[in-house]
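Raw contents of start-v4.txt, compact mmCIF, C-alpha atoms:
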# COMPACT_ATOMS: atom_id res chain seq x y z
CA MET T 1 -10.88 18.58 -5.77
CA CYS T 2 -10.39 21.74 -7.76
CA GLN T 3 -12.69 22.77 -10.52
CA ALA T 4 -12.15 20.85 -13.70
CA ALA T 5 -10.30 22.54 -16.49
CA GLN T 6 -12.52 24.01 -19.14
CA PRO T 7 -11.94 22.99 -22.73
CA VAL T 8 -9.75 25.43 -24.57
CA GLY T 9 -9.89 26.16 -28.26
CA ASP T 10 -12.54 26.16 -30.91
CA ALA T 11 -14.68 23.02 -30.79
CA GLY T 12 -15.08 23.26 -34.57
CA THR T 13 -11.33 22.96 -35.15
CA ASP T 14 -10.70 20.39 -32.40
CA ARG T 15 -11.21 17.54 -34.87
CA LEU T 16 -9.08 18.69 -37.79
CA PRO T 17 -6.09 16.67 -39.06
CA LEU T 18 -2.72 17.66 -37.63
CA ASP T 19 -0.54 16.97 -40.67
CA ASP T 20 0.31 20.65 -41.00
CA PRO T 21 2.95 21.78 -38.44
CA GLU T 22 1.27 25.22 -38.31
CA ARG T 23 -1.97 23.55 -37.15
CA PHE T 24 0.02 21.77 -34.46
CA THR T 25 1.35 25.12 -33.21
CA ALA T 26 -2.24 26.27 -32.70
CA VAL T 27 -3.01 23.03 -30.83
CA PHE T 28 0.03 23.56 -28.59
CA ASP T 29 -0.99 27.15 -27.86
CA ALA T 30 -4.59 26.17 -27.12
CA HIS T 31 -3.93 23.16 -24.88
CA PHE T 32 -0.52 23.55 -23.23
CA GLY T 33 -1.85 25.34 -20.13
CA GLU T 34 -4.57 22.86 -19.28
CA ILE T 35 -2.36 19.81 -19.93
CA HIS T 36 0.34 21.36 -17.73
CA ARG T 37 -2.14 22.02 -14.88
CA TYR T 38 -3.39 18.43 -15.08
CA VAL T 39 0.11 16.91 -14.97
CA ALA T 40 1.33 19.34 -12.27
CA GLN T 41 -1.59 18.37 -10.03
CA ARG T 42 -0.75 14.72 -10.49
CA LEU T 43 3.06 14.80 -10.29
CA GLY T 44 4.01 18.21 -8.92
CA PRO T 45 5.52 21.17 -10.77
CA ASP T 46 9.03 19.76 -11.12
CA ALA T 47 8.06 16.58 -12.95
CA ALA T 48 5.30 18.35 -14.89
CA GLU T 49 7.71 20.34 -17.03
CA ASP T 50 9.36 17.21 -18.40
CA VAL T 51 6.15 15.20 -18.79
CA VAL T 52 4.29 18.00 -20.59
CA ALA T 53 7.23 18.60 -22.91
CA GLU T 54 7.31 14.88 -23.65
CA THR T 55 3.52 14.88 -24.17
CA PHE T 56 3.70 17.51 -26.90
CA LEU T 57 6.84 16.01 -28.44
CA THR T 58 5.09 12.62 -28.64
CA ALA T 59 1.97 14.25 -30.08
CA PHE T 60 4.03 16.12 -32.68
CA ARG T 61 5.83 12.94 -33.72
CA LYS T 62 2.54 11.03 -33.97
CA ARG T 63 0.48 13.87 -35.46
CA ALA T 64 0.14 12.11 -38.82
CA ARG T 65 -1.45 9.14 -37.03
CA TYR T 66 -3.98 11.29 -35.16
CA ASP T 67 -7.48 10.33 -36.32
CA PRO T 68 -9.92 13.21 -35.81
CA SER T 69 -12.88 10.87 -36.41
CA ARG T 70 -11.96 8.90 -33.27
CA ALA T 71 -11.35 11.73 -30.80
CA GLY T 72 -10.93 15.43 -30.37
CA VAL T 73 -7.35 16.60 -30.05
CA ARG T 74 -7.93 17.50 -26.39
CA ALA T 75 -8.84 13.90 -25.43
CA TRP T 76 -5.93 12.62 -27.53
CA LEU T 77 -3.49 14.89 -25.67
CA TYR T 78 -4.89 13.88 -22.26
CA GLY T 79 -4.45 10.23 -23.26
CA ILE T 80 -0.80 10.80 -24.12
CA ALA T 81 -0.24 12.78 -20.90
CA THR T 82 -1.96 10.13 -18.76
CA ASN T 83 0.17 7.38 -20.31
CA LEU T 84 3.30 9.38 -19.51
CA VAL T 85 2.07 10.09 -15.97
CA SER T 86 1.67 6.34 -15.49
CA ARG T 87 5.38 5.94 -16.22
CA HIS T 88 5.96 8.29 -13.32
CA ARG T 89 3.41 6.68 -11.00
CA ARG T 90 5.96 6.22 -8.22
CA VAL T 91 6.45 9.98 -8.21
CA GLU T 92 2.68 10.52 -8.21
CA VAL T 93 2.04 8.08 -5.36
CA ARG T 94 4.98 9.50 -3.38
CA THR T 95 3.61 13.03 -3.92
CA LEU T 96 0.10 12.00 -2.86
CA ARG T 97 1.40 10.20 0.23
CA ALA T 98 3.56 13.19 1.19
CA LEU T 99 0.58 15.52 0.81
CA GLY T 100 -1.41 13.04 2.88
CA ARG T 101 1.13 13.16 5.69
CA HIS T 102 2.21 16.78 5.67
CA GLY T 103 0.07 18.82 3.31
CA PRO T 104 1.70 21.07 0.71
CA ASP T 105 5.03 22.82 1.29
CA PRO T 106 4.14 26.50 1.81
CA ASP T 107 7.75 27.60 1.17
CA HIS T 108 7.90 26.31 -2.41
CA PRO T 109 10.00 28.82 -4.40
CA GLY T 110 8.91 30.68 -7.51
CA HIS T 111 5.58 32.22 -8.45
CA GLU T 112 4.49 29.46 -10.85
CA GLU T 113 5.31 26.76 -8.32
CA ARG T 114 3.47 28.65 -5.54
CA VAL T 115 0.37 28.88 -7.74
CA THR T 116 0.57 25.18 -8.62
CA VAL T 117 1.08 24.20 -4.98
CA ARG T 118 -1.85 26.39 -3.90
CA VAL T 119 -4.12 24.83 -6.55
CA SER T 120 -2.95 21.35 -5.56
CA ALA T 121 -3.43 22.14 -1.87
CA GLN T 122 -6.98 23.30 -2.51
CA SER T 123 -7.78 20.24 -4.55
CA LEU T 124 -5.93 17.66 -2.45
CA ARG T 125 -6.54 17.91 1.28
CA PRO T 126 -4.14 15.61 3.12
CA GLU T 127 -6.71 12.87 3.80
CA LEU T 128 -7.91 12.97 0.20
CA ALA T 129 -4.34 12.82 -1.13
CA ALA T 130 -3.64 9.76 1.02
CA ALA T 131 -6.85 8.08 -0.18
CA LEU T 132 -5.97 8.81 -3.83
CA ALA T 133 -2.54 7.26 -3.30
CA GLY T 134 -4.29 4.06 -2.22
CA LEU T 135 -6.31 3.72 -5.43
CA HIS T 136 -5.23 1.42 -8.23
CA ARG T 137 -3.59 3.43 -11.04
CA ARG T 138 -6.35 2.63 -13.55
CA ASP T 139 -9.07 3.87 -11.19
CA ARG T 140 -7.04 6.95 -10.21
CA ASP T 141 -6.45 7.83 -13.89
CA VAL T 142 -10.19 7.80 -14.65
CA LEU T 143 -11.12 9.72 -11.51
CA LEU T 144 -8.51 12.42 -12.08
CA LEU T 145 -9.37 12.80 -15.76
CA VAL T 146 -12.91 13.63 -14.61
CA ALA T 147 -11.97 15.73 -11.58
CA LEU T 148 -8.92 17.61 -12.85
CA ALA T 149 -9.42 17.68 -16.61
CA GLY T 150 -13.20 17.67 -16.83
CA LEU T 151 -13.25 15.03 -19.56
CA SER T 152 -16.50 13.25 -20.40
CA HIS T 153 -16.80 9.47 -20.12
CA GLU T 154 -16.55 9.24 -23.91
CA GLU T 155 -13.38 11.36 -23.98
CA ILE T 156 -11.83 9.27 -21.21
CA ALA T 157 -12.67 6.04 -23.02
CA THR T 158 -10.95 7.39 -26.12
CA ALA T 159 -7.99 8.87 -24.22
CA LEU T 160 -7.26 5.65 -22.34
CA GLY T 161 -8.31 3.22 -25.07
CA ILE T 162 -10.90 1.48 -22.88
CA PRO T 163 -14.61 0.73 -23.40
CA TYR T 164 -17.13 3.41 -22.40
CA GLY T 165 -18.70 1.13 -19.75
CA THR T 166 -15.30 0.51 -18.16
CA VAL T 167 -14.95 4.24 -17.52
CA GLY T 168 -18.15 4.25 -15.47
CA SER T 169 -17.24 1.14 -13.49
CA ARG T 170 -13.73 2.42 -12.69
CA LEU T 171 -15.12 5.81 -11.70
CA ASN T 172 -17.75 4.25 -9.42
CA ARG T 173 -15.16 1.97 -7.84
CA ALA T 174 -12.78 4.90 -7.24
CA ARG T 175 -15.52 7.04 -5.69
CA ARG T 176 -16.65 4.17 -3.46
CA LYS T 177 -13.10 3.53 -2.25
CA LEU T 178 -12.48 7.23 -1.62
CA ARG T 179 -15.68 7.59 0.40
CA ALA T 180 -14.75 4.52 2.47
CA ALA T 181 -11.22 5.82 3.06
CA LEU T 182 -12.62 9.21 4.08
CA GLY T 183 -15.12 7.77 6.54
CA GLY T 184 -18.15 8.06 4.28
CA VAL T 185 -17.57 11.76 3.51
CA ASN T 186 -18.07 12.90 -0.06
CA PRO T 187 -14.57 13.88 -1.26
CA MET T 188 -16.07 16.57 -3.51
CA LEU T 189 -17.19 18.57 -0.45
CA ASP T 190 -14.77 20.73 1.47
CA ALA T 191 -14.39 20.26 5.24
CA GLU T 192 -16.93 22.98 6.08
CA GLU T 193 -19.59 21.56 3.76
CA ALA T 194 -18.96 18.02 5.03
CA GLY T 195 -19.45 19.21 8.63
CA ARG T 196 -22.86 20.62 7.74
CA GLY T 197 -23.82 17.23 6.24
As structure tokens:
Amino acid sequence: MCQAAQPVGDAGTDRLPLDDPERFTAVFDAHFGEIHRYVAQRLGPDAAEDVVAETFLTAFRKRARYDPSRAGVRAWLYGIATNLVSRHRRVEVRTLRALGRHGPDPDHPGHEERVTVRVSAQSLRPELAAALAGLHRRDRDVLLLVALAGLSHEEIATALGIPYGTVGSRLNRARRKLRAALGGVNPMLDAEEAGRG
């Protein structure tokens, strides 16, 4: 897996109301890049454009309902993005299975797409991609919110609207299944590290 995205923006302003459209512009500027990376790694660069646009459009429309006492804006945005990714789960599973069979396409056109493919290729070795495709969507969502977005268990619970304890159980189940599918190898290690044991 690639390194988790680091939180962007000022933690002190991450829990302010979003009623003001100007405040929403700052939120968009601060979080667009990391939300795009997360979605692109799950669905590929082509689908990411539409899903991320829909994520921010949905957030803008629902900004008056955002409750800063419940969650930081970052977790809220990841929750919206993950819900939209789940609508595209066939694309995600197809992408993971294709990466599992063939690896990434090295001839992907365009600089941005090449960067996204390279990041995805580093984070999703073919055997890992195939194992991820075999996970239940709920378990995959939790695992990828930790691995790709770097969210805490509390942020994931808020983003997905599930109890805190459920996050831990889904994450443990996903890790256990991945290890089993990868022959007992820790999926967080690269091939060289795994060979050294």
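Distances from T:Ala181, T:Tyr164, T:Arg175, T:His31 to Ala130 of chain T were compared using only C-alpha atoms, and the smallest one belongs to T:Ala181.
Residue nearest Ala64 of chain T, chosen from T:Leu18, T:Arg94, T:Gly79, T:Gln41 and counting only C-alpha atoms: T:Leu18.
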### atom CA of Leu57 of chain T to atom CA of Ile156 of chain T, straight-line distance in Å
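Between these atoms lies a distance of 21.1 Å.
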### Query
For Leu143 of chain T, which residue among T:Ala180, T:Val52, T:Ser69, T:Arg42 is the nearest when counting only C-alpha atoms?
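Comparing T:Ala180, T:Val52, T:Ser69, T:Arg42 against Leu143 of chain T, the winner is T:Arg42.
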### Task
Around the point (-6.0, 1.0, -11.0), in the coordinates given by the file, pick out the residues reaching within 12 Å, counting only C-alpha atoms, and return them as number ranges by chain.
T: 86, 89, 132-144, 166-167, 169-171, 173-174, 177
### Query
So what do you get for atom CA of Val85 of chain T versus atom CA of Ala129 of chain T, distance-wise?
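Taking atom CA of Val85 of chain T and atom CA of Ala129 of chain T, their separation equals 16.4 Å.
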### Task
Skip Tyr66 of chain T itself and residues of its chain fewer than 6 positions away, then list as a list in words all residues within 9 Å of it, counting all atoms listed in the file.
Pro17, Leu18, Asp19, Ala59, Val73 and Trp76 of chain T
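Atom pair atom CA of Asp20 of chain T / atom CA of Leu160 of chain T: separated by 25.1 Å.
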### Message
Nearest residue to Ala159 of chain T out of T:Leu178, T:Leu77, T:Ala131, T:Ala98, using all atoms listed in the file?
### Response
T:Leu77
### Task
Counting all atoms listed in the file, figure out which residue out of T:Ile80, T:Ala26, T:Ala75, T:Ile162 gets nearest to Val51 of chain T.
T:Ile80
### Task
Pick out the closest residue to Gly72 of chain T from this set: T:Gly168, T:Tyr38, T:Glu155, T:Gly161. Count all atoms listed in the file.
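When distances to Gly72 of chain T are compared using all atoms listed in the file, the smallest one comes from T:Glu155.
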Where atoms are lacking, segment 37-69 of chain T completed to N, CA and C atoms, as a PDB file, in the frame of the given file:
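Full text of part-v7.pdb as output:
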ATOM      1  N   ARG T  37      -1.449  22.014 -16.186  1.00  0.00           N
ATOM      2  CA  ARG T  37      -2.140  22.020 -14.880  1.00  0.00           C
ATOM      3  C   ARG T  37      -2.493  20.604 -14.448  1.00  0.00           C
ATOM      4  N   TYR T  38      -3.009  19.813 -15.383  1.00  0.00           N
ATOM      5  CA  TYR T  38      -3.390  18.430 -15.080  1.00  0.00           C
ATOM      6  C   TYR T  38      -2.177  17.620 -14.595  1.00  0.00           C
ATOM      7  N   VAL T  39      -1.084  17.687 -15.332  1.00  0.00           N
ATOM      8  CA  VAL T  39       0.110  16.910 -14.970  1.00  0.00           C
ATOM      9  C   VAL T  39       0.716  17.446 -13.672  1.00  0.00           C
ATOM     10  N   ALA T  40       0.760  18.765 -13.494  1.00  0.00           N
ATOM     11  CA  ALA T  40       1.330  19.340 -12.270  1.00  0.00           C
ATOM     12  C   ALA T  40       0.533  18.918 -11.050  1.00  0.00           C
ATOM     13  N   GLN T  41      -0.780  18.809 -11.172  1.00  0.00           N
ATOM     14  CA  GLN T  41      -1.590  18.370 -10.030  1.00  0.00           C
ATOM     15  C   GLN T  41      -1.393  16.897  -9.735  1.00  0.00           C
ATOM     16  N   ARG T  42      -0.977  16.140 -10.723  1.00  0.00           N
ATOM     17  CA  ARG T  42      -0.750  14.720 -10.490  1.00  0.00           C
ATOM     18  C   ARG T  42       0.670  14.425 -10.025  1.00  0.00           C
ATOM     19  N   LEU T  43       1.670  15.136 -10.581  1.00  0.00           N
ATOM     20  CA  LEU T  43       3.060  14.800 -10.290  1.00  0.00           C
ATOM     21  C   LEU T  43       3.834  15.898  -9.579  1.00  0.00           C
ATOM     22  N   GLY T  44       3.276  17.087  -9.480  1.00  0.00           N
ATOM     23  CA  GLY T  44       4.010  18.210  -8.920  1.00  0.00           C
ATOM     24  C   GLY T  44       4.659  19.017 -10.023  1.00  0.00           C
ATOM     25  N   PRO T  45       5.016  20.267  -9.728  1.00  0.00           N
ATOM     26  CA  PRO T  45       5.520  21.170 -10.770  1.00  0.00           C
ATOM     27  C   PRO T  45       6.855  20.761 -11.368  1.00  0.00           C
ATOM     28  N   ASP T  46       7.715  20.130 -10.593  1.00  0.00           N
ATOM     29  CA  ASP T  46       9.030  19.760 -11.120  1.00  0.00           C
ATOM     30  C   ASP T  46       8.930  18.712 -12.220  1.00  0.00           C
ATOM     31  N   ALA T  47       8.212  17.651 -11.955  1.00  0.00           N
ATOM     32  CA  ALA T  47       8.060  16.580 -12.950  1.00  0.00           C
ATOM     33  C   ALA T  47       7.162  17.006 -14.100  1.00  0.00           C
ATOM     34  N   ALA T  48       6.254  17.935 -13.856  1.00  0.00           N
ATOM     35  CA  ALA T  48       5.300  18.350 -14.890  1.00  0.00           C
ATOM     36  C   ALA T  48       5.990  18.925 -16.110  1.00  0.00           C
ATOM     37  N   GLU T  49       7.015  19.719 -15.895  1.00  0.00           N
ATOM     38  CA  GLU T  49       7.710  20.340 -17.030  1.00  0.00           C
ATOM     39  C   GLU T  49       8.174  19.289 -18.026  1.00  0.00           C
ATOM     40  N   ASP T  50       8.839  18.262 -17.519  1.00  0.00           N
ATOM     41  CA  ASP T  50       9.360  17.210 -18.400  1.00  0.00           C
ATOM     42  C   ASP T  50       8.246  16.394 -19.049  1.00  0.00           C
ATOM     43  N   VAL T  51       7.230  16.042 -18.270  1.00  0.00           N
ATOM     44  CA  VAL T  51       6.150  15.200 -18.790  1.00  0.00           C
ATOM     45  C   VAL T  51       5.338  15.951 -19.846  1.00  0.00           C
ATOM     46  N   VAL T  52       5.065  17.230 -19.614  1.00  0.00           N
ATOM     47  CA  VAL T  52       4.290  18.000 -20.590  1.00  0.00           C
ATOM     48  C   VAL T  52       5.100  18.210 -21.869  1.00  0.00           C
ATOM     49  N   ALA T  53       6.377  18.475 -21.726  1.00  0.00           N
ATOM     50  CA  ALA T  53       7.230  18.600 -22.910  1.00  0.00           C
ATOM     51  C   ALA T  53       7.227  17.290 -23.697  1.00  0.00           C
ATOM     52  N   GLU T  54       7.330  16.189 -22.990  1.00  0.00           N
ATOM     53  CA  GLU T  54       7.310  14.880 -23.650  1.00  0.00           C
ATOM     54  C   GLU T  54       5.942  14.594 -24.277  1.00  0.00           C
ATOM     55  N   THR T  55       4.874  15.058 -23.630  1.00  0.00           N
ATOM     56  CA  THR T  55       3.520  14.880 -24.170  1.00  0.00           C
ATOM     57  C   THR T  55       3.402  15.542 -25.548  1.00  0.00           C
ATOM     58  N   PHE T  56       3.829  16.801 -25.635  1.00  0.00           N
ATOM     59  CA  PHE T  56       3.700  17.510 -26.900  1.00  0.00           C
ATOM     60  C   PHE T  56       4.710  17.023 -27.945  1.00  0.00           C
ATOM     61  N   LEU T  57       5.870  16.588 -27.504  1.00  0.00           N
ATOM     62  CA  LEU T  57       6.840  16.010 -28.440  1.00  0.00           C
ATOM     63  C   LEU T  57       6.282  14.717 -29.037  1.00  0.00           C
ATOM     64  N   THR T  58       5.705  13.869 -28.176  1.00  0.00           N
ATOM     65  CA  THR T  58       5.090  12.620 -28.640  1.00  0.00           C
ATOM     66  C   THR T  58       3.935  12.923 -29.597  1.00  0.00           C
ATOM     67  N   ALA T  59       3.102  13.886 -29.220  1.00  0.00           N
ATOM     68  CA  ALA T  59       1.970  14.250 -30.080  1.00  0.00           C
ATOM     69  C   ALA T  59       2.462  14.771 -31.428  1.00  0.00           C
ATOM     70  N   PHE T  60       3.506  15.585 -31.415  1.00  0.00           N
ATOM     71  CA  PHE T  60       4.030  16.120 -32.680  1.00  0.00           C
ATOM     72  C   PHE T  60       4.548  14.989 -33.556  1.00  0.00           C
ATOM     73  N   ARG T  61       5.275  14.066 -32.949  1.00  0.00           N
ATOM     74  CA  ARG T  61       5.830  12.940 -33.720  1.00  0.00           C
ATOM     75  C   ARG T  61       4.732  12.046 -34.291  1.00  0.00           C
ATOM     76  N   LYS T  62       3.627  11.924 -33.541  1.00  0.00           N
ATOM     77  CA  LYS T  62       2.540  11.030 -33.970  1.00  0.00           C
ATOM     78  C   LYS T  62       1.383  11.785 -34.615  1.00  0.00           C
ATOM     79  N   ARG T  63       1.586  13.046 -34.951  1.00  0.00           N
ATOM     80  CA  ARG T  63       0.480  13.870 -35.460  1.00  0.00           C
ATOM     81  C   ARG T  63      -0.127  13.319 -36.748  1.00  0.00           C
ATOM     82  N   ALA T  64       0.670  12.667 -37.571  1.00  0.00           N
ATOM     83  CA  ALA T  64       0.140  12.110 -38.820  1.00  0.00           C
ATOM     84  C   ALA T  64      -0.784  10.915 -38.544  1.00  0.00           C
ATOM     85  N   ARG T  65      -0.608  10.282 -37.392  1.00  0.00           N
ATOM     86  CA  ARG T  65      -1.450   9.140 -37.030  1.00  0.00           C
ATOM     87  C   ARG T  65      -2.698   9.543 -36.249  1.00  0.00           C
ATOM     88  N   TYR T  66      -2.796  10.821 -35.873  1.00  0.00           N
ATOM     89  CA  TYR T  66      -3.980  11.290 -35.160  1.00  0.00           C
ATOM     90  C   TYR T  66      -5.203  11.163 -36.065  1.00  0.00           C
ATOM     91  N   ASP T  67      -6.250  10.541 -35.555  1.00  0.00           N
ATOM     92  CA  ASP T  67      -7.480  10.330 -36.320  1.00  0.00           C
ATOM     93  C   ASP T  67      -8.586  11.185 -35.722  1.00  0.00           C
ATOM     94  N   PRO T  68      -8.907  12.311 -36.361  1.00  0.00           N
ATOM     95  CA  PRO T  68      -9.920  13.210 -35.810  1.00  0.00           C
ATOM     96  C   PRO T  68     -11.314  12.594 -35.745  1.00  0.00           C
ATOM     97  N   SER T  69     -11.563  11.514 -36.472  1.00  0.00           N
ATOM     98  CA  SER T  69     -12.880  10.870 -36.410  1.00  0.00           C
ATOM     99  C   SER T  69     -13.027  10.048 -35.127  1.00  0.00           C
TER     100      SER T  69
END
